[in-house]
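Asks: Here it is, the structure in full.
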2 protein chains.
Amino acid sequence: MNVRVVGRLLGVLLLATAAAMTLPIIVSLLYGETDWQVFMISQAAALLVGGSLAGFLRDSRELRTKDGFVIVTFGWIAVGILGAMPFYLSGAIPAFTDAMFESISGFTTTGASILNDIEALPHGLALWRCQIQWLGGMGIVVLGLAILPILGVGGMQLFKAEAPGPSPDRLTPRIKETARLLWVVYGIISLVQVIALMFCGMSLFEALCHSFATMATGGFSTRAASVGAYDSVAIDVVITVFMFIAGVNFSLHYAAVNGRIKSYWRDGEFRVYVTVILLATSIIAVSNIQATEMSAGDNVRHSLFQVVSIVTTTGFGTADYEGWTSLSQFVLLFIMFVGGCAGSTGGGMKNIRLLLLAQHGFNEVRKLLHPRGVYVMRYNERAVPPEIMTNILGFFLLLIICTVTATFAMTMVGLDLISAIGAVAATINNIGPGLGSVGPTDNFAAVPLMGKWVLIFCMLLGRLELYTVLVLLTPDFWRRF
Amino acid sequence: MNVRVVGRLLGVLLLATAAAMTLPIIVSLLYGETDWQVFMISQAAALLVGGSLAGFLRDSRELRTKDGFVIVTFGWIAVGILGAMPFYLSGAIPAFTDAMFESISGFTTTGASILNDIEALPHGLALWRCQIQWLGGMGIVVLGLAILPILGVGGMQLFKAEAPGPSPDRLTPRIKETARLLWVVYGIISLVQVIALMFCGMSLFEALCHSFATMATGGFSTRAASVGAYDSVAIDVVITVFMFIAGVNFSLHYAAVNGRIKSYWRDGEFRVYVTVILLATSIIAVSNIQATEMSAGDNVRHSLFQVVSIVTTTGFGTADYEGWTSLSQFVLLFIMFVGGCAGSTGGGMKNIRLLLLAQHGFNEVRKLLHPRGVYVMRYNERAVPPEIMTNILGFFLLLIICTVTATFAMTMVGLDLISAIGAVAATINNIGPGLGSVGPTDNFAAVPLMGKWVLIFCMLLGRLELYTVLVLLTPDFWRRF
């Protein structure tokens with residue numbers, strides 16, 4: 001490992017995060033509250049640590065793959081600690097573990113919370129909570145489209161030739177350039193949402209918070225009743241549209257911004273994503289007709305909102321779906337695992353993986369009939385190399401192995417079976433609300449201390465596509481560097 | 001498809017099953033009850049249908065792979081219908097669907113039941129219920145070790161060179177010979193168990209029934225409280241030992257009978273199986289110390305019994321594990337999916353698949369560090385060909401696809417989410433008791449009609465290793481034959 005380069009980059013990440021704290025400081029001052037102080041202290045700490053790392057460590061050697069794994073994992077942990085500081089220092093979240101849980105939940109765009117009274121937060125902290133999701137989402141988009149393909153993680157190599165860049169069909173070799181282009185797109189869309197929400201009657205503050213949480217598919221809200229608190233058709237529609245957008249591969253948005261609007265429909269994963277949403281909404285809306293007393297319009301509105309919120313793993317709520325039919329609940333549970341598209345801010349398995357896994361399953365059945373037949377997997381009219389397929393299968397396996405191991409740990413610290421399974425599924429898939437005692441109407445405050453750390457680890461694991469974190473746990477990794 | 005050969009073999013299967021009904025007829029007559037009549041009627045029907053199929057259809061052409069799939073699936077369905085007849089005709093199970101459910105549950109050695117009052121059954125029917133499990137187990141052993149490897153199903157080709165036969169290292173080309181050898185072993189072990197149970201104080205009738213259900217890892221009992229009704233240490237120990245034996249690959253038993261007793265420990269899957277049992281028992285016993293008031297001896301006895309009963313997917317119970325710690329419950333839930341060894345009568349995923357899947361997952365992580373490294377999967381010191389690995393990965397995928405689809409169907413007919421998931425997991429893995437309203441202290445009687453048929457299909461799917469049934473559902477299969 002190249003300690004100097006890694007240290008320097010971690011320092012830069014800390015400085016950038018500290019710079020982002022300027023926004024909550026302004027908000028805090030505008031509202032005449034005192035939480036700007038803790039942000040200033042955090043900034044000073046980041047300046048000290050990040051500044052010395054970035055300033056003193058210089059090295060001209062190139063980054064190697066190994067360094068990439070270290071930077072990604074420790075980068076998320078470092079900004080997580082910095083993000084937790086304001087919550088902890090202000091006393092808004094008195095326990096350090098809880099502050100870390102909330103911060104990592106934010107930066108991984110999970111949306112799981114330990115806060116019992118969200119509406120009691122001062123404005124600066126409430127904004128920061130949503131803003132770290134937005135920053136995390138930014139990181140995820142660049143990670144998924146520019147960094148992971150190079151590291152060879154989790155089948156993301158499929159995007160090597162598809163991520164945006166100045167030349168239409170080749171990835172810009174420099175991650176910096178890709179990142180800049182994606183962030184422009186990410187920023188523009190976020191800005192449009194802020195304006196749209198203000199047209200619907202939201203204050204600038206609330207529009208900012210909800211746009212941050214929407215674009216990151218994070219799901220933190222300033223209200224205890226989530227988006228349902230507004231009970232506004234217009235707000236529901238705007239948030240539905242932007243959750244949908246946030247769940248799409250950002251390289252498609254980039255292409256669209258550059259005039260290639262047809263890229264959407266040409267993309268196999270996008271078609272699956274749209275199909276899943278329409279199918280799930282139809283099933284749930286029809287199933288709800290018998291079971292609830294909503295008007296037809298409300299039924300469609302709430303069904304669509306909930307489907308998009310859950311498939312993108314955002315986790316906003318407008319209706320209490322725990323009262324819906326068990327068919328509806330199962331559909332919601334299933335699409336939780338499906339997740340968004342690769343290269344989006346959404347969590348879950350990702351549509352492309354499911355598409356390829358299903359294809360593989362069917363091919364194996366067909367092979368029984370024609371054992372000597374050749375079955376080429378295709379995605380967007382290109383053949384999927386077999387080594388990427390085994391990589392995706394491996395991802396699926398590791399997801400299950402990690403889920404089982406973490407659930408085992410959660411039952412050990414004393415959670416009941418359903419809550420343990422729900423808590424792990426909700427964090428490792430970066431969904432947010434779980435089942436049982438950590439379900440959508442509860443939160444994670446009551447989870448024992450050790451359990452919270454297990455879940456923090458799960459959020460990182462899931463968000464960094466498992467491989468990136470797991471590789472650091474192999475003895476081989478540390479043997480020679 | 002060669003209709004004549006297929007028909008003839010199905011006829012032979014019906015005749016053999018009808019012949020097996022002689023045992024319950026004798027029992028019925030000995031106990032002076034009247035249920036012998038329905039067995040005679042069933043025999044007559046089988047003689048008529050099976051006899052005409054076997055007698056009139058003759059064809060010298062060879063069986064092809066396609067015919068094999070048809071015979072296996074339709075064979076299980078045909079004997080299932082015949083097995084259901086006595087229950088239905090006697091009125092002991094008034095609805096045909098319920099009779100089919102109980103019969104298919106028996107022949108697939110699942111052990112899920114719709115009977116509310118087991119102890120009200122006349123002796124002939126009670127015996128028959130356990131006997132069909134034993135017959136099903138016989139079928140499974142031959143299927144797993146002799147038929148599936150030839151059909152190329154579900155990674156079972158690994159056993160091509162390992163199944164028993166006159167020559168030590170090659171599979172006997174004729175299935176008949178393999179079947180005969182395996183059945184001798186199966187019969188001898190069953191007989192030893194009957195004698196052992198009688199030494200523990202069971203009547204011949206009860207010893208027969210419980211041996212039938214143990215060797216098949218089926219789990220039907222003559223008592224509503226299952227094996228717990230006897231509350232006898234000796235009986236618990238005997239049944240634990242024989243459940244353990246039934247969960248082992250029968251080709252290892254065959255080798256042992258032929259003096260090659262070391263084959264057990266040389267087999268990688270056997271070692272995993274033993275390790276899983278010891279580890280799970282230790283965790284549960286330690287976890288139970290704090291939570292229950294059992295004596296140390298009872299604790300170990302019940303923990304071991306429950307672990308072996310569940311890992312082999314037998315489903316016998318001696319203690320109410322729903323009151324154990326959530327850690328214990330999670331361990332039990334996990335080993336349910338692990339299942340027995342391949343080539344045993346146990347259900348679940350099978351230890352060998354899990355062993356290879358876990359290896360594959362770890363290899364994929366290691367590949368990130370050394371992308372050009374060569375990772376050869378090994379089993380019993382032989383390399384596992386990559387095409388078998390993709391086949392096993394495909395199996396795992398299909399299992400999940402089928403589970404999701406069936407759970408979807410179960411929520412559609414109105415089951416709550418937990419019961420739907422539990423019912424499908426319990427039937428597709430051939431375990432028996434599920435969760436929620438179909439949990440270990442309840443049964444499947446209250447499941448709606450359509451739901452019962454879905455579960456019947458699940459039992460067949462799981463028992464015939466998915467592929468065998470799924471291949472019949474592809475349009476390709478029926479296009480040219």
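In the structure tokens, chains take the letters A, B, ... in the order shown, each chain's residues start at 1, and ligands count up from 1 in the order shown.
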Wanna dump the chain B-chain A contacts at 9 Å for me, each residue with its shortest atom pair and the distance in Å to one decimal, counting only C-alpha atoms, ordered by chain and number, as a Markdown table?
Replies:
| residue | atom | partner | partner_atom | distance |
| --- | --- | --- | --- | --- |
| B:Thr65 | CA | A:Leu369 | CA | 8.2 |
| B:Lys66 | CA | A:Leu369 | CA | 7.5 |
| B:Leu151 | CA | A:Leu368 | CA | 7.6 |
| B:Gly152 | CA | A:Leu368 | CA | 6.8 |
| B:Val153 | CA | A:Leu368 | CA | 7.3 |
| B:Ser287 | CA | A:Met412 | CA | 8.8 |
| B:Thr325 | CA | A:Gly414 | CA | 8.2 |
| B:Ser326 | CA | A:Asp416 | CA | 5.3 |
| B:Leu327 | CA | A:Thr411 | CA | 4.7 |
| B:Ser328 | CA | A:Thr411 | CA | 8.4 |
| B:Gln329 | CA | A:Leu417 | CA | 7.2 |
| B:Phe330 | CA | A:Leu417 | CA | 6.5 |
| B:Val331 | CA | A:Phe408 | CA | 7.5 |
| B:Phe334 | CA | A:Val404 | CA | 7.9 |
| B:Leu357 | CA | A:Leu397 | CA | 7.1 |
| B:Ala358 | CA | A:Leu397 | CA | 7.4 |
| B:His360 | CA | A:Gly394 | CA | 6.6 |
| B:Gly361 | CA | A:Gly394 | CA | 4.9 |
| B:Phe362 | CA | A:Leu398 | CA | 8.0 |
| B:Asn363 | CA | A:Gly394 | CA | 8.4 |
| B:Glu364 | CA | A:Gly394 | CA | 6.0 |
| B:Val365 | CA | A:Val471 | CA | 5.9 |
| B:Arg366 | CA | A:Val471 | CA | 7.2 |
| B:Leu368 | CA | A:Gly152 | CA | 6.8 |
| B:Leu369 | CA | A:Phe477 | CA | 7.1 |
| B:Pro371 | CA | A:Gly152 | CA | 8.7 |
| B:Thr390 | CA | A:Thr390 | CA | 7.8 |
| B:Asn391 | CA | A:Glu364 | CA | 6.3 |
| B:Leu393 | CA | A:Leu393 | CA | 7.0 |
| B:Gly394 | CA | A:Gly361 | CA | 4.8 |
| B:Phe395 | CA | A:Gly361 | CA | 7.3 |
| B:Phe396 | CA | A:Gly361 | CA | 8.6 |
| B:Leu397 | CA | A:Gly361 | CA | 6.0 |
| B:Leu398 | CA | A:Gly361 | CA | 5.7 |
| B:Ile401 | CA | A:Ala358 | CA | 7.8 |
| B:Val404 | CA | A:Phe334 | CA | 7.8 |
| B:Thr407 | CA | A:Phe330 | CA | 8.0 |
| B:Phe408 | CA | A:Phe330 | CA | 6.7 |
| B:Ala409 | CA | A:Leu327 | CA | 8.3 |
| B:Met410 | CA | A:Leu327 | CA | 8.2 |
| B:Thr411 | CA | A:Leu327 | CA | 4.6 |
| B:Met412 | CA | A:Leu327 | CA | 5.4 |
| B:Val413 | CA | A:Leu327 | CA | 8.5 |
| B:Gly414 | CA | A:Ser326 | CA | 6.9 |
| B:Leu415 | CA | A:Ser326 | CA | 6.9 |
| B:Asp416 | CA | A:Ser326 | CA | 5.3 |
| B:Leu417 | CA | A:Ser326 | CA | 5.5 |
| B:Ala420 | CA | A:Ser326 | CA | 8.9 |
| B:Tyr467 | CA | A:Val365 | CA | 6.1 |
| B:Thr468 | CA | A:Val365 | CA | 8.8 |
| B:Leu470 | CA | A:Val365 | CA | 7.0 |
| B:Val471 | CA | A:Val365 | CA | 5.9 |
| B:Thr474 | CA | A:Arg366 | CA | 7.8 |
| B:Asp476 | CA | A:Leu369 | CA | 8.1 |
| B:Phe477 | CA | A:Leu369 | CA | 7.1 |
Asks: As a VMD selection string, which residues of stretch 321-435 of chain A does DSSP assign to helix (DSSP H, G or I)?
Replies: chain A and resid 321 to 323 326 to 338 351 to 369 386 to 412 417 to 428
Asks: List the spatial neighbours of B:Leu82 as a ChimeraX atom specification - criterion: any atom at most 12 Å away, only C-alpha atoms, same-chain residues fewer than 3 positions off excluded.
Replies: /B:10-11,13-21,38-47,49-50,75-79,85-89,96,99-100,102-104,107,128,132
Asks: Write out as a list of chain:residue names each polymer residue whose atoms come within 8 Å of A:Thr345, counting only C-alpha atoms; drop sequence neighbours fewer than 5 positions from it.
Replies: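 The neighbour list is A:Thr109, A:Gly137, A:Met138, A:Ile140, A:Val141, A:Met215, A:Ala216, A:Thr217, A:Ala246, A:Gly247, A:Gly340.
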Asks: Identify, on the basis of only C-alpha atoms, every residue whose closest approach to B:Gly106 does not exceed 12 Å; exclude the query and any residue fewer than 6 positions from it along the same chain; express the result as a VMD selection string.
Replies: chain B and resid 76 to 77 79 to 81 83 to 84 99 to 100 112 to 114 126 to 140 212 to 213 216 to 221 314 427 430 to 432 456 459 to 460 463
Asks: Do a neighbour search on B:Val27 at 10 Å with only C-alpha atoms, toss out local chain neighbours closer than 5 positions, and write the hits as a list in words.
Replies: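 In the requested format, the answer is Thr22, Gly32, Glu33, Asp35, Trp36, Pro122, His123, Gly124, Leu125, Ala126, Leu127, Trp128 and Phe205 of chain B.
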Asks: If you keep N, CA and C atoms, can you produce a file of those selected residues as a tab-separated table (two decimals), in the first residue's frame?
Replies:
chain	number	residue	atom	x	y	z
B	22	THR	N	-49.76	-54.01	0.93
B	22	THR	CA	-50.05	-55.26	1.63
B	22	THR	C	-49.75	-55.13	3.13
B	32	GLY	N	-58.00	-55.61	13.77
B	32	GLY	CA	-59.44	-55.78	13.67
B	32	GLY	C	-60.19	-54.53	13.22
B	33	GLU	N	-59.51	-53.69	12.43
B	33	GLU	CA	-60.17	-52.49	11.93
B	33	GLU	C	-60.61	-52.70	10.48
B	35	ASP	N	-60.05	-50.52	7.76
B	35	ASP	CA	-59.42	-49.74	6.70
B	35	ASP	C	-58.71	-50.61	5.67
B	36	TRP	N	-58.61	-51.93	5.89
B	36	TRP	CA	-58.01	-52.80	4.88
B	36	TRP	C	-58.80	-52.72	3.59
B	122	PRO	N	-57.02	-44.87	12.03
B	122	PRO	CA	-56.88	-46.30	12.26
B	122	PRO	C	-55.44	-46.74	11.97
B	123	HIS	N	-55.03	-47.90	12.51
B	123	HIS	CA	-53.62	-48.29	12.44
B	123	HIS	C	-53.10	-48.46	11.02
B	124	GLY	N	-53.93	-49.00	10.14
B	124	GLY	CA	-53.48	-49.21	8.76
B	124	GLY	C	-53.11	-47.89	8.10
B	125	LEU	N	-53.98	-46.91	8.24
B	125	LEU	CA	-53.72	-45.60	7.61
B	125	LEU	C	-52.54	-44.89	8.27
B	126	ALA	N	-52.44	-45.02	9.60
B	126	ALA	CA	-51.33	-44.38	10.31
B	126	ALA	C	-50.00	-44.96	9.83
B	127	LEU	N	-49.99	-46.29	9.65
B	127	LEU	CA	-48.77	-46.93	9.17
B	127	LEU	C	-48.47	-46.50	7.74
B	128	TRP	N	-49.51	-46.50	6.90
B	128	TRP	CA	-49.35	-46.14	5.49
B	128	TRP	C	-48.76	-44.73	5.35
B	205	PHE	N	-45.62	-51.85	16.07
B	205	PHE	CA	-46.32	-50.91	15.20
B	205	PHE	C	-45.68	-49.53	15.25
Asks: Let me make sure I understand: among A:Ser190, A:Val276, A:Phe56, A:Ala225, which one has the smallest atom-to-atom distance to A:His210 if we use only C-alpha atoms?
Replies: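 Between A:Ser190, A:Val276, A:Phe56, A:Ala225, the residue approaching A:His210 most closely is A:Ser190.
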Asks: Using Å and a single decimal, report how far atom CA of A:Gly462 sits from atom CA of A:Ile428.
Replies: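 Separation of atom CA of A:Ile428 and atom CA of A:Gly462: 4.5 Å.
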Asks: Quick one: everything within 8 Å of A:Met377, counting only C-alpha atoms, minus sequence neighbours fewer than 2 positions away in the same chain. Send it as a list in words.
Replies: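 Everything that qualifies: Leu356, Gln359, His360, Tyr375, Tyr379, Ala383, Val384 and Pro385 of chain A.
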Asks: To one decimal place in Å, what is the distance between atom CA of A:Arg223 and atom CA of A:Phe457?
Replies: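 Distance reported for this atom pair: 26.9 Å.
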